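Next comes model23.txt, a file with compact mmCIF, N, CA, C and O atoms.
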# COMPACT_ATOMS: atom_id res chain seq x y z
N ARG A 243 2.04 16.78 21.85
CA ARG A 243 1.68 17.36 20.57
C ARG A 243 1.04 16.29 19.69
O ARG A 243 1.59 15.22 19.51
N ASP A 244 -0.12 16.59 19.19
CA ASP A 244 -0.85 15.64 18.35
C ASP A 244 -0.40 15.78 16.90
O ASP A 244 -0.76 16.73 16.22
N GLU A 245 0.41 14.83 16.44
CA GLU A 245 0.90 14.89 15.06
C GLU A 245 0.23 13.79 14.24
O GLU A 245 0.08 12.66 14.70
N TYR A 246 -0.14 14.17 13.04
CA TYR A 246 -0.77 13.22 12.12
C TYR A 246 -0.48 13.69 10.71
O TYR A 246 -0.14 14.85 10.49
N TRP A 247 -0.64 12.82 9.76
CA TRP A 247 -0.40 13.20 8.37
C TRP A 247 -1.32 14.32 7.93
O TRP A 247 -2.49 14.33 8.27
N LYS A 248 -0.80 15.21 7.11
CA LYS A 248 -1.62 16.23 6.47
C LYS A 248 -1.92 15.83 5.02
O LYS A 248 -2.94 16.18 4.47
N ILE A 249 -1.00 15.06 4.44
CA ILE A 249 -1.13 14.61 3.05
C ILE A 249 -0.89 13.11 3.01
O ILE A 249 0.07 12.62 3.61
N LEU A 250 -1.75 12.39 2.32
CA LEU A 250 -1.57 10.95 2.13
C LEU A 250 -1.44 10.67 0.64
O LEU A 250 -2.30 11.06 -0.15
N ARG A 251 -0.38 10.01 0.25
CA ARG A 251 -0.17 9.63 -1.14
C ARG A 251 -0.59 8.17 -1.29
O ARG A 251 -0.10 7.30 -0.57
N VAL A 252 -1.50 7.92 -2.23
CA VAL A 252 -2.05 6.58 -2.42
C VAL A 252 -1.71 6.08 -3.82
O VAL A 252 -2.09 6.70 -4.82
N LEU A 253 -1.01 4.97 -3.90
CA LEU A 253 -0.70 4.34 -5.18
C LEU A 253 -1.91 3.52 -5.59
O LEU A 253 -2.21 2.51 -4.98
N VAL A 254 -2.64 4.00 -6.60
CA VAL A 254 -3.87 3.33 -7.00
C VAL A 254 -3.68 2.35 -8.15
O VAL A 254 -4.51 1.49 -8.37
N THR A 255 -2.57 2.48 -8.89
CA THR A 255 -2.26 1.53 -9.97
C THR A 255 -0.77 1.60 -10.28
O THR A 255 -0.13 2.63 -10.04
N ASN A 256 -0.24 0.51 -10.80
CA ASN A 256 1.13 0.56 -11.29
C ASN A 256 1.15 0.61 -12.81
O ASN A 256 2.21 0.60 -13.43
N CYS A 257 -0.03 0.68 -13.42
CA CYS A 257 -0.14 0.78 -14.87
C CYS A 257 0.26 2.18 -15.33
O CYS A 257 -0.02 3.17 -14.65
N CYS A 258 0.91 2.26 -16.48
CA CYS A 258 1.28 3.56 -17.03
C CYS A 258 1.31 3.48 -18.55
O CYS A 258 1.79 2.51 -19.12
N ASN A 259 0.78 4.52 -19.18
CA ASN A 259 0.77 4.56 -20.63
C ASN A 259 1.92 5.41 -21.18
O ASN A 259 1.98 5.67 -22.37
N TYR A 260 2.84 5.81 -20.31
CA TYR A 260 4.04 6.54 -20.73
C TYR A 260 5.22 5.59 -20.72
O TYR A 260 5.16 4.50 -20.16
N ASP A 261 6.32 6.01 -21.28
CA ASP A 261 7.54 5.18 -21.31
C ASP A 261 8.73 6.05 -20.91
O ASP A 261 9.67 6.22 -21.67
N CYS A 262 8.66 6.62 -19.71
CA CYS A 262 9.71 7.52 -19.23
C CYS A 262 10.97 6.74 -18.90
O CYS A 262 10.91 5.71 -18.23
N VAL A 263 12.12 7.22 -19.34
CA VAL A 263 13.38 6.51 -19.15
C VAL A 263 13.82 6.47 -17.70
O VAL A 263 14.55 5.58 -17.29
N TYR A 264 13.38 7.41 -16.89
CA TYR A 264 13.82 7.49 -15.49
C TYR A 264 12.93 6.70 -14.54
O TYR A 264 13.22 6.58 -13.36
N CYS A 265 11.84 6.15 -15.03
CA CYS A 265 10.85 5.53 -14.16
C CYS A 265 11.10 4.03 -13.99
O CYS A 265 11.45 3.34 -14.95
N HIS A 266 10.85 3.53 -12.80
CA HIS A 266 10.98 2.09 -12.54
C HIS A 266 9.74 1.31 -12.96
O HIS A 266 9.73 0.09 -12.91
N ASN A 267 8.69 1.98 -13.39
CA ASN A 267 7.45 1.31 -13.82
C ASN A 267 7.36 1.13 -15.33
O ASN A 267 6.30 0.78 -15.84
N GLU A 268 8.44 1.39 -16.06
CA GLU A 268 8.35 1.30 -17.51
C GLU A 268 7.88 -0.08 -17.95
O GLU A 268 8.21 -1.09 -17.34
N GLY A 269 7.04 -0.10 -18.94
CA GLY A 269 6.55 -1.37 -19.47
C GLY A 269 5.34 -1.93 -18.75
O GLY A 269 4.84 -2.99 -19.11
N ARG A 270 4.85 -1.26 -17.74
CA ARG A 270 3.65 -1.74 -17.05
C ARG A 270 2.44 -1.36 -17.86
O ARG A 270 2.05 -0.21 -17.93
N THR A 271 1.85 -2.31 -18.50
CA THR A 271 0.68 -2.05 -19.35
C THR A 271 -0.59 -2.48 -18.63
O THR A 271 -0.54 -3.10 -17.57
N ALA A 272 -1.70 -2.17 -19.23
CA ALA A 272 -2.99 -2.52 -18.62
C ALA A 272 -3.14 -4.01 -18.39
O ALA A 272 -3.76 -4.44 -17.43
N LYS A 273 -2.56 -4.83 -19.28
CA LYS A 273 -2.74 -6.27 -19.12
C LYS A 273 -1.99 -6.85 -17.93
O LYS A 273 -2.36 -7.89 -17.41
N ASN A 274 -0.92 -6.19 -17.47
CA ASN A 274 -0.22 -6.70 -16.29
C ASN A 274 -0.27 -5.72 -15.12
O ASN A 274 0.53 -5.78 -14.21
N ALA A 275 -1.26 -4.85 -15.14
CA ALA A 275 -1.40 -3.84 -14.09
C ALA A 275 -2.00 -4.42 -12.81
O ALA A 275 -2.75 -5.39 -12.84
N GLN A 276 -1.65 -3.79 -11.72
CA GLN A 276 -2.26 -4.09 -10.44
C GLN A 276 -2.95 -2.81 -9.98
O GLN A 276 -2.29 -1.78 -9.81
N ASN A 277 -4.26 -2.88 -9.82
CA ASN A 277 -5.06 -1.72 -9.42
C ASN A 277 -5.58 -1.90 -8.02
O ASN A 277 -5.97 -3.01 -7.62
N MET A 278 -5.62 -0.80 -7.25
CA MET A 278 -6.22 -0.84 -5.93
C MET A 278 -7.72 -1.10 -6.09
O MET A 278 -8.38 -0.44 -6.90
N ASP A 279 -8.22 -2.02 -5.33
CA ASP A 279 -9.64 -2.34 -5.34
C ASP A 279 -10.43 -1.17 -4.74
O ASP A 279 -9.99 -0.54 -3.77
N PHE A 280 -11.59 -0.88 -5.31
CA PHE A 280 -12.42 0.24 -4.86
C PHE A 280 -12.79 0.09 -3.38
O PHE A 280 -12.73 1.05 -2.60
N VAL A 281 -13.19 -1.11 -2.97
CA VAL A 281 -13.57 -1.35 -1.57
C VAL A 281 -12.36 -1.15 -0.65
O VAL A 281 -12.49 -0.60 0.45
N ASP A 282 -11.18 -1.55 -1.10
CA ASP A 282 -9.97 -1.33 -0.30
C ASP A 282 -9.69 0.16 -0.13
O ASP A 282 -9.25 0.61 0.94
N PHE A 283 -9.96 0.95 -1.16
CA PHE A 283 -9.79 2.39 -1.07
C PHE A 283 -10.75 2.97 -0.02
O PHE A 283 -10.37 3.81 0.79
N LEU A 284 -11.99 2.51 -0.03
CA LEU A 284 -12.96 2.97 0.96
C LEU A 284 -12.52 2.62 2.38
O LEU A 284 -12.61 3.44 3.30
N ARG A 285 -12.00 1.40 2.55
CA ARG A 285 -11.50 0.97 3.85
C ARG A 285 -10.32 1.84 4.30
O ARG A 285 -10.20 2.20 5.47
N LEU A 286 -9.44 2.13 3.34
CA LEU A 286 -8.28 2.98 3.64
C LEU A 286 -8.74 4.34 4.16
O LEU A 286 -8.23 4.84 5.17
N LEU A 287 -9.72 4.94 3.49
CA LEU A 287 -10.22 6.25 3.93
C LEU A 287 -10.80 6.18 5.34
O LEU A 287 -10.61 7.10 6.15
N GLU A 288 -11.49 5.09 5.64
CA GLU A 288 -12.02 4.92 6.99
C GLU A 288 -10.90 4.82 8.03
O GLU A 288 -10.98 5.41 9.11
N CYS A 289 -9.85 4.10 7.68
CA CYS A 289 -8.74 3.87 8.62
C CYS A 289 -7.91 5.13 8.88
O CYS A 289 -7.40 5.31 9.98
N VAL A 290 -7.76 5.98 7.88
CA VAL A 290 -6.89 7.15 8.03
C VAL A 290 -7.65 8.42 8.37
O VAL A 290 -7.05 9.48 8.52
N HIS A 291 -8.98 8.33 8.51
CA HIS A 291 -9.78 9.53 8.80
C HIS A 291 -9.26 10.22 10.07
O HIS A 291 -9.15 9.61 11.13
N HIS A 292 -8.93 11.49 9.91
CA HIS A 292 -8.42 12.29 11.02
C HIS A 292 -8.57 13.76 10.65
O HIS A 292 -8.38 14.12 9.49
N PRO A 293 -8.88 14.63 11.60
CA PRO A 293 -9.06 16.05 11.27
C PRO A 293 -7.82 16.70 10.65
O PRO A 293 -7.94 17.67 9.91
N SER A 294 -6.64 16.19 10.95
CA SER A 294 -5.41 16.78 10.40
C SER A 294 -5.18 16.42 8.94
O SER A 294 -4.45 17.12 8.24
N LEU A 295 -5.76 15.30 8.49
CA LEU A 295 -5.57 14.88 7.10
C LEU A 295 -6.35 15.82 6.18
O LEU A 295 -7.56 15.93 6.27
N ARG A 296 -5.62 16.51 5.30
CA ARG A 296 -6.22 17.52 4.44
C ARG A 296 -6.27 17.13 2.97
O ARG A 296 -7.06 17.68 2.21
N GLU A 297 -5.41 16.21 2.55
CA GLU A 297 -5.27 15.98 1.11
C GLU A 297 -4.88 14.54 0.82
O GLU A 297 -4.06 13.96 1.51
N ILE A 298 -5.49 14.00 -0.23
CA ILE A 298 -5.10 12.69 -0.76
C ILE A 298 -4.52 12.94 -2.14
O ILE A 298 -5.15 13.61 -2.96
N ARG A 299 -3.34 12.41 -2.37
CA ARG A 299 -2.70 12.52 -3.68
C ARG A 299 -2.68 11.14 -4.32
O ARG A 299 -2.17 10.19 -3.74
N PHE A 300 -3.24 11.06 -5.51
CA PHE A 300 -3.27 9.79 -6.24
C PHE A 300 -1.97 9.61 -6.98
O PHE A 300 -1.49 10.51 -7.66
N SER A 301 -1.41 8.41 -6.86
CA SER A 301 -0.10 8.12 -7.43
C SER A 301 -0.18 6.82 -8.21
O SER A 301 -1.18 6.14 -8.22
N GLY A 302 0.91 6.49 -8.87
CA GLY A 302 0.97 5.27 -9.63
C GLY A 302 2.39 5.02 -10.08
O GLY A 302 3.30 5.56 -9.50
N GLY A 303 2.42 4.39 -11.14
CA GLY A 303 2.02 4.45 -12.49
C GLY A 303 1.34 5.79 -12.79
O GLY A 303 1.64 6.83 -12.25
N GLU A 304 0.41 5.69 -13.69
CA GLU A 304 -0.40 6.84 -14.10
C GLU A 304 -1.79 6.64 -13.52
O GLU A 304 -2.53 5.75 -13.97
N PRO A 305 -2.19 7.43 -12.50
CA PRO A 305 -3.47 7.21 -11.84
C PRO A 305 -4.67 7.22 -12.78
O PRO A 305 -5.66 6.52 -12.53
N LEU A 306 -4.59 7.96 -13.87
CA LEU A 306 -5.72 8.00 -14.81
C LEU A 306 -5.91 6.68 -15.57
O LEU A 306 -6.93 6.50 -16.23
N CYS A 307 -4.98 5.75 -15.45
CA CYS A 307 -5.13 4.42 -16.05
C CYS A 307 -6.02 3.51 -15.20
O CYS A 307 -6.46 2.46 -15.67
N HIS A 308 -6.27 3.91 -13.95
CA HIS A 308 -7.15 3.10 -13.09
C HIS A 308 -8.58 3.22 -13.63
O HIS A 308 -9.08 4.32 -13.85
N GLY A 309 -9.23 2.11 -13.84
CA GLY A 309 -10.55 2.09 -14.44
C GLY A 309 -11.63 2.82 -13.66
O GLY A 309 -12.65 3.20 -14.22
N ARG A 310 -11.41 3.02 -12.37
CA ARG A 310 -12.42 3.68 -11.54
C ARG A 310 -11.88 4.96 -10.90
O ARG A 310 -12.35 5.39 -9.85
N ILE A 311 -10.89 5.60 -11.56
CA ILE A 311 -10.26 6.77 -10.97
C ILE A 311 -11.28 7.89 -10.71
O ILE A 311 -11.19 8.58 -9.69
N CYS A 312 -12.24 8.07 -11.58
CA CYS A 312 -13.24 9.12 -11.37
C CYS A 312 -14.03 8.88 -10.08
O CYS A 312 -14.29 9.81 -9.32
N GLU A 313 -14.37 7.63 -9.83
CA GLU A 313 -15.09 7.29 -8.61
C GLU A 313 -14.21 7.49 -7.38
O GLU A 313 -14.68 7.96 -6.34
N LEU A 314 -12.92 7.12 -7.49
CA LEU A 314 -12.00 7.32 -6.37
C LEU A 314 -11.89 8.81 -6.03
O LEU A 314 -11.91 9.20 -4.86
N ILE A 315 -11.79 9.64 -7.07
CA ILE A 315 -11.70 11.08 -6.87
C ILE A 315 -12.99 11.60 -6.24
O ILE A 315 -12.95 12.41 -5.30
N GLU A 316 -14.14 11.14 -6.71
CA GLU A 316 -15.42 11.58 -6.15
C GLU A 316 -15.53 11.25 -4.67
O GLU A 316 -15.99 12.07 -3.87
N VAL A 317 -15.11 10.05 -4.30
CA VAL A 317 -15.18 9.64 -2.89
C VAL A 317 -14.23 10.50 -2.05
O VAL A 317 -14.61 11.00 -0.98
N ALA A 318 -13.00 10.69 -2.52
CA ALA A 318 -12.04 11.51 -1.78
C ALA A 318 -12.54 12.95 -1.65
O ALA A 318 -12.43 13.56 -0.59
N ALA A 319 -13.11 13.48 -2.73
CA ALA A 319 -13.64 14.85 -2.69
C ALA A 319 -14.82 14.94 -1.73
O ALA A 319 -14.97 15.92 -1.00
N GLY A 320 -15.64 13.92 -1.72
CA GLY A 320 -16.79 13.90 -0.81
C GLY A 320 -16.38 13.89 0.65
O GLY A 320 -17.12 14.36 1.52
N CYS A 321 -15.19 13.39 0.93
CA CYS A 321 -14.66 13.38 2.29
C CYS A 321 -13.90 14.66 2.60
O CYS A 321 -13.40 14.84 3.71
N GLY A 322 -13.77 15.53 1.59
CA GLY A 322 -13.05 16.79 1.79
C GLY A 322 -11.56 16.70 1.60
O GLY A 322 -10.83 17.61 1.96
N TYR A 323 -11.07 15.62 1.00
CA TYR A 323 -9.64 15.40 0.86
C TYR A 323 -9.07 15.76 -0.51
O TYR A 323 -7.89 15.59 -0.74
N PHE A 324 -9.90 16.19 -1.42
CA PHE A 324 -9.42 16.34 -2.78
C PHE A 324 -10.14 17.50 -3.44
O PHE A 324 -11.36 17.55 -3.44
N ASP A 325 -9.39 18.46 -3.99
CA ASP A 325 -10.06 19.58 -4.63
C ASP A 325 -9.43 20.06 -5.93
O ASP A 325 -9.89 21.01 -6.52
N GLU A 326 -8.37 19.40 -6.38
CA GLU A 326 -7.79 19.78 -7.67
C GLU A 326 -7.03 18.60 -8.28
O GLU A 326 -6.63 17.69 -7.57
N ILE A 327 -6.83 18.67 -9.57
CA ILE A 327 -6.03 17.68 -10.27
C ILE A 327 -4.87 18.41 -10.91
O ILE A 327 -5.04 19.45 -11.55
N VAL A 328 -3.66 17.89 -10.71
CA VAL A 328 -2.46 18.50 -11.27
C VAL A 328 -1.78 17.46 -12.13
O VAL A 328 -1.54 16.33 -11.69
N PHE A 329 -1.49 17.80 -13.37
CA PHE A 329 -0.77 16.92 -14.27
C PHE A 329 0.66 17.43 -14.41
O PHE A 329 0.87 18.62 -14.64
N GLN A 330 1.61 16.54 -14.26
CA GLN A 330 3.02 16.92 -14.40
C GLN A 330 3.71 15.94 -15.32
O GLN A 330 3.38 14.78 -15.37
N GLN A 331 4.71 16.46 -16.03
CA GLN A 331 5.55 15.57 -16.84
C GLN A 331 6.97 15.92 -16.64
O GLN A 331 7.37 16.99 -16.35

Represent the structure from my file as structure tokens, please.
Amino acid sequence: RDEYWKILRVLVTNCCNYDCVYCHNEGRTAKNAQNMDFVDFLRLLECVHHPSLREIRFSGGEPLCHGRICELIEVAAGCGYFDEIVFQQ
């Protein structure tokens, strides 16, 4: 049986502009953030490419704090891995 991921969760930044009491990332601001490099994201997509992979979920911190999140979404969508944005609190 050929098993492979259907969903891949990618942590693109640990920066967050919220201060949730239950989160382990509290206090991570833009000045001390670690963001996934755009080229590394492209490499990741190349490495995980598989017909079974249907969805990439952006994670963090708060993914919208990543300076190039729009470009990351465009690339994922162009590969067929991304078709909606869901905000939860």

Mind giving me the straight-line distance from atom O of Phe324 of chain A to atom CA of Ala275 of chain A in Å, one decimal?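 Going from atom O of Phe324 of chain A over to atom CA of Ala275 of chain A, I get 25.9 Å.
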
Using only the atoms of segment 279-293 of chain A listed in the file, plus 5 Å on each side, state the axis-aligned box centre and edge lengths in Å rounded to one decimal, as JSON.
{"center_x": -10.2, "center_y": 7.7, "center_z": 3.1, "size_x": 16.7, "size_y": 30.0, "size_z": 26.9}

Separation of atom CA of Leu306 of chain A and atom CA of Leu284 of chain A, in Å? 18.1 Å

Within 7 Å of segment 291-303 of chain A using all atoms listed in the file, minus same-chain residues under 2 positions, as a PyMOL selection string: chain A and resi 246-259+267+285-289+305-307+318+321-326

Those same residues - N, CA, C and O atoms - I'd like them written as a short mmCIF file (atom, residue, chain, number, x, y, z; two decimals), in the coordinates of the input.
data_model
loop_
_atom_site.label_atom_id
_atom_site.label_comp_id
_atom_site.auth_asym_id
_atom_site.auth_seq_id
_atom_site.Cartn_x
_atom_site.Cartn_y
_atom_site.Cartn_z
N TYR A 246 -0.14 14.17 13.04
CA TYR A 246 -0.77 13.22 12.12
C TYR A 246 -0.48 13.69 10.71
O TYR A 246 -0.14 14.85 10.49
N TRP A 247 -0.64 12.82 9.76
CA TRP A 247 -0.40 13.20 8.37
C TRP A 247 -1.32 14.32 7.93
O TRP A 247 -2.49 14.33 8.27
N LYS A 248 -0.80 15.21 7.11
CA LYS A 248 -1.62 16.23 6.47
C LYS A 248 -1.92 15.83 5.02
O LYS A 248 -2.94 16.18 4.47
N ILE A 249 -1.00 15.06 4.44
CA ILE A 249 -1.13 14.61 3.05
C ILE A 249 -0.89 13.11 3.01
O ILE A 249 0.07 12.62 3.61
N LEU A 250 -1.75 12.39 2.32
CA LEU A 250 -1.57 10.95 2.13
C LEU A 250 -1.44 10.67 0.64
O LEU A 250 -2.30 11.06 -0.15
N ARG A 251 -0.38 10.01 0.25
CA ARG A 251 -0.17 9.63 -1.14
C ARG A 251 -0.59 8.17 -1.29
O ARG A 251 -0.10 7.30 -0.57
N VAL A 252 -1.50 7.92 -2.23
CA VAL A 252 -2.05 6.58 -2.42
C VAL A 252 -1.71 6.08 -3.82
O VAL A 252 -2.09 6.70 -4.82
N LEU A 253 -1.01 4.97 -3.90
CA LEU A 253 -0.70 4.34 -5.18
C LEU A 253 -1.91 3.52 -5.59
O LEU A 253 -2.21 2.51 -4.98
N VAL A 254 -2.64 4.00 -6.60
CA VAL A 254 -3.87 3.33 -7.00
C VAL A 254 -3.68 2.35 -8.15
O VAL A 254 -4.51 1.49 -8.37
N THR A 255 -2.57 2.48 -8.89
CA THR A 255 -2.26 1.53 -9.97
C THR A 255 -0.77 1.60 -10.28
O THR A 255 -0.13 2.63 -10.04
N ASN A 256 -0.24 0.51 -10.80
CA ASN A 256 1.13 0.56 -11.29
C ASN A 256 1.15 0.61 -12.81
O ASN A 256 2.21 0.60 -13.43
N CYS A 257 -0.03 0.68 -13.42
CA CYS A 257 -0.14 0.78 -14.87
C CYS A 257 0.26 2.18 -15.33
O CYS A 257 -0.02 3.17 -14.65
N CYS A 258 0.91 2.26 -16.48
CA CYS A 258 1.28 3.56 -17.03
C CYS A 258 1.31 3.48 -18.55
O CYS A 258 1.79 2.51 -19.12
N ASN A 259 0.78 4.52 -19.18
CA ASN A 259 0.77 4.56 -20.63
C ASN A 259 1.92 5.41 -21.18
O ASN A 259 1.98 5.67 -22.37
N ASN A 267 8.69 1.98 -13.39
CA ASN A 267 7.45 1.31 -13.82
C ASN A 267 7.36 1.13 -15.33
O ASN A 267 6.30 0.78 -15.84
N ARG A 285 -12.00 1.40 2.55
CA ARG A 285 -11.50 0.97 3.85
C ARG A 285 -10.32 1.84 4.30
O ARG A 285 -10.20 2.20 5.47
N LEU A 286 -9.44 2.13 3.34
CA LEU A 286 -8.28 2.98 3.64
C LEU A 286 -8.74 4.34 4.16
O LEU A 286 -8.23 4.84 5.17
N LEU A 287 -9.72 4.94 3.49
CA LEU A 287 -10.22 6.25 3.93
C LEU A 287 -10.80 6.18 5.34
O LEU A 287 -10.61 7.10 6.15
N GLU A 288 -11.49 5.09 5.64
CA GLU A 288 -12.02 4.92 6.99
C GLU A 288 -10.90 4.82 8.03
O GLU A 288 -10.98 5.41 9.11
N CYS A 289 -9.85 4.10 7.68
CA CYS A 289 -8.74 3.87 8.62
C CYS A 289 -7.91 5.13 8.88
O CYS A 289 -7.40 5.31 9.98
N PRO A 305 -2.19 7.43 -12.50
CA PRO A 305 -3.47 7.21 -11.84
C PRO A 305 -4.67 7.22 -12.78
O PRO A 305 -5.66 6.52 -12.53
N LEU A 306 -4.59 7.96 -13.87
CA LEU A 306 -5.72 8.00 -14.81
C LEU A 306 -5.91 6.68 -15.57
O LEU A 306 -6.93 6.50 -16.23
N CYS A 307 -4.98 5.75 -15.45
CA CYS A 307 -5.13 4.42 -16.05
C CYS A 307 -6.02 3.51 -15.20
O CYS A 307 -6.46 2.46 -15.67
N ALA A 318 -13.00 10.69 -2.52
CA ALA A 318 -12.04 11.51 -1.78
C ALA A 318 -12.54 12.95 -1.65
O ALA A 318 -12.43 13.56 -0.59
N CYS A 321 -15.19 13.39 0.93
CA CYS A 321 -14.66 13.38 2.29
C CYS A 321 -13.90 14.66 2.60
O CYS A 321 -13.40 14.84 3.71
N GLY A 322 -13.77 15.53 1.59
CA GLY A 322 -13.05 16.79 1.79
C GLY A 322 -11.56 16.70 1.60
O GLY A 322 -10.83 17.61 1.96
N TYR A 323 -11.07 15.62 1.00
CA TYR A 323 -9.64 15.40 0.86
C TYR A 323 -9.07 15.76 -0.51
O TYR A 323 -7.89 15.59 -0.74
N PHE A 324 -9.90 16.19 -1.42
CA PHE A 324 -9.42 16.34 -2.78
C PHE A 324 -10.14 17.50 -3.44
O PHE A 324 -11.36 17.55 -3.44
N ASP A 325 -9.39 18.46 -3.99
CA ASP A 325 -10.06 19.58 -4.63
C ASP A 325 -9.43 20.06 -5.93
O ASP A 325 -9.89 21.01 -6.52
N GLU A 326 -8.37 19.40 -6.38
CA GLU A 326 -7.79 19.78 -7.67
C GLU A 326 -7.03 18.60 -8.28
O GLU A 326 -6.63 17.69 -7.57
#

Strand (DSSP E) per DSSP on the backbone: members of segment 245-325 of chain A, as number ranges by chain: A: 249-253, 297-301

Between atom C of Cys262 of chain A and atom CA of Asn274 of chain A - distance in Å to one decimal: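 Interatomic distance here is 17.7 Å.
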
Give me every alpha helix (DSSP H) residue in chain A, going by DSSP on the backbone, as a list of chain:residue names.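 Of chain A, the ones in alpha helix (DSSP H) are A:Phe280, A:Val281, A:Asp282, A:Phe283, A:Leu284, A:Arg285, A:Leu286, A:Leu287, A:Glu288, A:Cys289, A:Val290, A:Ile311, A:Cys312, A:Glu313, A:Leu314, A:Ile315, A:Glu316, A:Val317, A:Ala318, A:Ala319, A:Gly320.
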
Taking N, CA, C and O atoms for each residue, export the selection above as an mmCIF file, keeping the file's coordinate frame.
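And here is the file that came out, result.cif:
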data_model
loop_
_atom_site.group_PDB
_atom_site.id
_atom_site.type_symbol
_atom_site.label_atom_id
_atom_site.label_comp_id
_atom_site.auth_asym_id
_atom_site.auth_seq_id
_atom_site.Cartn_x
_atom_site.Cartn_y
_atom_site.Cartn_z
ATOM 1 N N PHE A 280 -11.590 -0.880 -5.310
ATOM 2 C CA PHE A 280 -12.420 0.240 -4.860
ATOM 3 C C PHE A 280 -12.790 0.090 -3.380
ATOM 4 O O PHE A 280 -12.730 1.050 -2.600
ATOM 5 N N VAL A 281 -13.190 -1.110 -2.970
ATOM 6 C CA VAL A 281 -13.570 -1.350 -1.570
ATOM 7 C C VAL A 281 -12.360 -1.150 -0.650
ATOM 8 O O VAL A 281 -12.490 -0.600 0.450
ATOM 9 N N ASP A 282 -11.180 -1.550 -1.100
ATOM 10 C CA ASP A 282 -9.970 -1.330 -0.300
ATOM 11 C C ASP A 282 -9.690 0.160 -0.130
ATOM 12 O O ASP A 282 -9.250 0.610 0.940
ATOM 13 N N PHE A 283 -9.960 0.950 -1.160
ATOM 14 C CA PHE A 283 -9.790 2.390 -1.070
ATOM 15 C C PHE A 283 -10.750 2.970 -0.020
ATOM 16 O O PHE A 283 -10.370 3.810 0.790
ATOM 17 N N LEU A 284 -11.990 2.510 -0.030
ATOM 18 C CA LEU A 284 -12.960 2.970 0.960
ATOM 19 C C LEU A 284 -12.520 2.620 2.380
ATOM 20 O O LEU A 284 -12.610 3.440 3.300
ATOM 21 N N ARG A 285 -12.000 1.400 2.550
ATOM 22 C CA ARG A 285 -11.500 0.970 3.850
ATOM 23 C C ARG A 285 -10.320 1.840 4.300
ATOM 24 O O ARG A 285 -10.200 2.200 5.470
ATOM 25 N N LEU A 286 -9.440 2.130 3.340
ATOM 26 C CA LEU A 286 -8.280 2.980 3.640
ATOM 27 C C LEU A 286 -8.740 4.340 4.160
ATOM 28 O O LEU A 286 -8.230 4.840 5.170
ATOM 29 N N LEU A 287 -9.720 4.940 3.490
ATOM 30 C CA LEU A 287 -10.220 6.250 3.930
ATOM 31 C C LEU A 287 -10.800 6.180 5.340
ATOM 32 O O LEU A 287 -10.610 7.100 6.150
ATOM 33 N N GLU A 288 -11.490 5.090 5.640
ATOM 34 C CA GLU A 288 -12.020 4.920 6.990
ATOM 35 C C GLU A 288 -10.900 4.820 8.030
ATOM 36 O O GLU A 288 -10.980 5.410 9.110
ATOM 37 N N CYS A 289 -9.850 4.100 7.680
ATOM 38 C CA CYS A 289 -8.740 3.870 8.620
ATOM 39 C C CYS A 289 -7.910 5.130 8.880
ATOM 40 O O CYS A 289 -7.400 5.310 9.980
ATOM 41 N N VAL A 290 -7.760 5.980 7.880
ATOM 42 C CA VAL A 290 -6.890 7.150 8.030
ATOM 43 C C VAL A 290 -7.650 8.420 8.370
ATOM 44 O O VAL A 290 -7.050 9.480 8.520
ATOM 45 N N ILE A 311 -10.890 5.600 -11.560
ATOM 46 C CA ILE A 311 -10.260 6.770 -10.970
ATOM 47 C C ILE A 311 -11.280 7.890 -10.710
ATOM 48 O O ILE A 311 -11.190 8.580 -9.690
ATOM 49 N N CYS A 312 -12.240 8.070 -11.580
ATOM 50 C CA CYS A 312 -13.240 9.120 -11.370
ATOM 51 C C CYS A 312 -14.030 8.880 -10.080
ATOM 52 O O CYS A 312 -14.290 9.810 -9.320
ATOM 53 N N GLU A 313 -14.370 7.630 -9.830
ATOM 54 C CA GLU A 313 -15.090 7.290 -8.610
ATOM 55 C C GLU A 313 -14.210 7.490 -7.380
ATOM 56 O O GLU A 313 -14.680 7.960 -6.340
ATOM 57 N N LEU A 314 -12.920 7.120 -7.490
ATOM 58 C CA LEU A 314 -12.000 7.320 -6.370
ATOM 59 C C LEU A 314 -11.890 8.810 -6.030
ATOM 60 O O LEU A 314 -11.910 9.200 -4.860
ATOM 61 N N ILE A 315 -11.790 9.640 -7.070
ATOM 62 C CA ILE A 315 -11.700 11.080 -6.870
ATOM 63 C C ILE A 315 -12.990 11.600 -6.240
ATOM 64 O O ILE A 315 -12.950 12.410 -5.300
ATOM 65 N N GLU A 316 -14.140 11.140 -6.710
ATOM 66 C CA GLU A 316 -15.420 11.580 -6.150
ATOM 67 C C GLU A 316 -15.530 11.250 -4.670
ATOM 68 O O GLU A 316 -15.990 12.070 -3.870
ATOM 69 N N VAL A 317 -15.110 10.050 -4.300
ATOM 70 C CA VAL A 317 -15.180 9.640 -2.890
ATOM 71 C C VAL A 317 -14.230 10.500 -2.050
ATOM 72 O O VAL A 317 -14.610 11.000 -0.980
ATOM 73 N N ALA A 318 -13.000 10.690 -2.520
ATOM 74 C CA ALA A 318 -12.040 11.510 -1.780
ATOM 75 C C ALA A 318 -12.540 12.950 -1.650
ATOM 76 O O ALA A 318 -12.430 13.560 -0.590
ATOM 77 N N ALA A 319 -13.110 13.480 -2.730
ATOM 78 C CA ALA A 319 -13.640 14.850 -2.690
ATOM 79 C C ALA A 319 -14.820 14.940 -1.730
ATOM 80 O O ALA A 319 -14.970 15.920 -1.000
ATOM 81 N N GLY A 320 -15.640 13.920 -1.720
ATOM 82 C CA GLY A 320 -16.790 13.900 -0.810
ATOM 83 C C GLY A 320 -16.380 13.890 0.650
ATOM 84 O O GLY A 320 -17.120 14.360 1.520
#

Which is closest to Ile311 of chain A among A:Glu245, A:Val290, A:Asp282, A:Asn277, if we use only C-alpha atoms?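 Of A:Glu245, A:Val290, A:Asp282, A:Asn277, the one nearest Ile311 of chain A, counting only C-alpha atoms, is A:Asn277.
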